[in-house]
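Note sheet for the following structure.
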Amino acid sequence: LEQSGCYLEPAIGDDHKDLLALIDALNQYVGVTITYDFGDDKEILDGTTISTWLSEGTDEKVSIDEEEVLAFVKTLAKKYNTAYSPKELKTSYGTTVTITGGFYGWRIDNGGEVEQILADLKAGKDVEREPVYLTTANSHGEHDYGDSYVEINLTAQHLYFYKNGNLVVDSDFVSGNISKGNGTPVGAYPVTYTERNATLKGENYSSDVSFWMPYCGNVGMHDASWRKTFGGNIYKRNGSHGCVNLPYAAAKAIFENIAAGYPVLVYELPGTESPKAIAMDQGASVVDAINGIGEVSLGSEGAITNARNAYNGLSEEAKSYVSNYSTLEAAEAAYAGLVSQEAENQANNEAQGQANGVIDLIGQIGKVTTGSGDAIKRARDAYNALSDRAKAMVSNYDTLTAAEEEFKSLSES
């Protein structure tokens, strides 16, 4: 049968050079091992997985399914990406907080890593490397921020700057004005860049700063030479446009020890308000109470008394934050004046009423005759019984004295 040519010969035999080249290429690809370093963890990509991506192309060349490569990369990313993930931080106050928000952390560049895998396969050599990253972090361990970070407690208005586990800066600050909706965002962020002698511009403001360290868009840390005090509750009424305002020395020390990518961890921790902030809050409540007095009237007694009692109940430190204390004193003086005037008016009204009775008695004397004695005596006795205030209001007292003189003359003649 073979001699008679009954069998069909294959178009490509096992010695075909293109077939052998294809086999060699496939074996080269599946023979590559890529070892990924994730700190203490490693992931291995080898022929077991790579072989599932390969097929013969139409031109007898190796075809790699890039969608499958991307799916593999996404699996790595899902397992090892930490950007946008919550961060657990044991704060400088001893309490552990969970920080959500922000984008600090490891993030694999999916497209870039696919390209690198394809390049590694074509090179045909084993490699050990990290993935291609869009963003990186300090550590692959439990906490990706490591032991170098800026810790910002918005509640306490206090900042801690650690480098290699050592505390470098410890400072009060003033954050975004919450009364105007400019609160500083919480979250974990990388420092974007650092700039010396920058001009910060926004709606209705332009500020020159010596040390500019943005980390969340246009929000960042910088010196604020226009402020005399920091910390407390200044941020609640007179805070920034969102940035973390620092004393010059603190901003300088941070700037000299920080770089792009440095983690900034921002959180709130109720119960860590500073004594200064508590005193300022107490003082502010009295400021509001005093402002609530408004225009002083006889009905202001309750508001004035409440404001005075609230002020008297403050500590000396809290009293120092009552910026309108003179307004309270002025209100008390004005109210006392109104009360005094009211009492004066009431006394005058009562005296006038008494005087009016005497005025009527004097008016009843009429023409003086020898029979006017009783009428004159009633008027005199009533007048003498008056207070000095009421006596001064007897408008016809001269008529009484004249009647007395005339009656005396008639009696003696």
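We label chains A, B, ... in the order they appear in the structure tokens, count residues from 1 in each chain, and number ligands from 1 in the order shown.
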Would you please give, as JSON, numbers by chain, all residues of segment 102-217 of chain A that DSSP assigns to strand (DSSP E or B) based on the backbone?
{"A": [102, 107, 108, 127, 128, 129, 133, 134, 135, 149, 150, 151, 152, 153, 158, 159, 160, 161, 162, 163, 166, 167, 168, 169, 170, 171, 172, 174, 176, 187, 188, 189, 190, 195, 196, 197, 198, 199, 200, 201, 202, 205, 206, 207, 208, 209, 210, 211, 212, 213, 214, 215, 216]}
Non-local contacts of Asp147 of chain A (8 Å; only C-alpha atoms; under 3 positions in same chain excluded) as a list of chain:residue names
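The filter keeps A:Tyr162, A:Lys163, A:Asn164, A:Gly165.
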Taking only C-alpha atoms into account, which of A:Leu361, A:Ile304, A:Ala259, A:Val287 comes nearest Tyr325 of chain A?
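Closest to Tyr325 of chain A of all the choices is A:Val287.
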Calculate how many Å separate atom CA of His158 of chain A from atom CA of Lys252 of chain A, rounding to one decimal.
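Atom CA of Lys252 of chain A lies at a distance of 16.3 Å from atom CA of His158 of chain A.
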Pick out the residues sitting within 9 Å of Glu142 of chain A, and hand them over as a PyMOL selection string; count only C-alpha atoms, and ignore anything fewer than 3 positions along from it in its own chain.
chain A and resi 88+139+146
From a backbone DSSP assignment, name each residue in segment 326-409 of chain A labelled helix (DSSP H, G or I), as a ChimeraX atom specification.
/A:326-365,373-384,388-391,397-409
Can you pull out the residues contacting Arg380 of chain A? Cut-off 9 Å, using only C-alpha atoms, and skip same-chain residues under 4 positions away; I want them as a PyMOL selection string.
chain A and resi 358+361-362+375-376+384-385+400-401+404
I'd like the contact shell of Glu256 of chain A - 10 Å cut-off, only C-alpha atoms, skipping same-chain residues fewer than 4 positions apart - returned as a list in words.
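Within the cut-off, the hits are Thr194, Phe211, Ala251 and Lys252 of chain A.
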Output file for the residues above (C-alpha atoms, as a PDB file, in the first residue's frame):
```pdb
ATOM      1  CA  THR A 194       7.329  69.759  47.621  1.00  0.00           C
ATOM      2  CA  PHE A 211       7.171  75.571  52.464  1.00  0.00           C
ATOM      3  CA  ALA A 251       6.763  73.467  58.438  1.00  0.00           C
ATOM      4  CA  LYS A 252      10.500  73.963  57.810  1.00  0.00           C
TER       5      LYS A 252
END
```
What lies within 10 Å of Glu128 of chain A using only C-alpha atoms, ignoring chain neighbours under 5 positions off, as a PyMOL selection string?
chain A and resi 33-37+42-44
Test item: residues at most 8 Å from Glu273 of chain A, only C-alpha atoms, excluding those fewer than 5 positions along its chain, as a PyMOL selection string
chain A and resi 155-157+232+278
How many Å lie between atom CA of Gln116 of chain A and atom CA of Ala137 of chain A, rounded to one decimal?
20.6 Å
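Each of A:Ala334, A:Met221, A:Val394, A:Leu45 was checked against Gln352 of chain A using only C-alpha atoms; the smallest atom-to-atom distance is that of A:Val394.
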Using only C-alpha atoms, which of the listed residues (A:Thr135, A:Thr91, A:Asn182, A:Ser320) sits closest to Gly105 of chain A?
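Looking at the shortest contact to Gly105 of chain A, the residue is A:Thr135.
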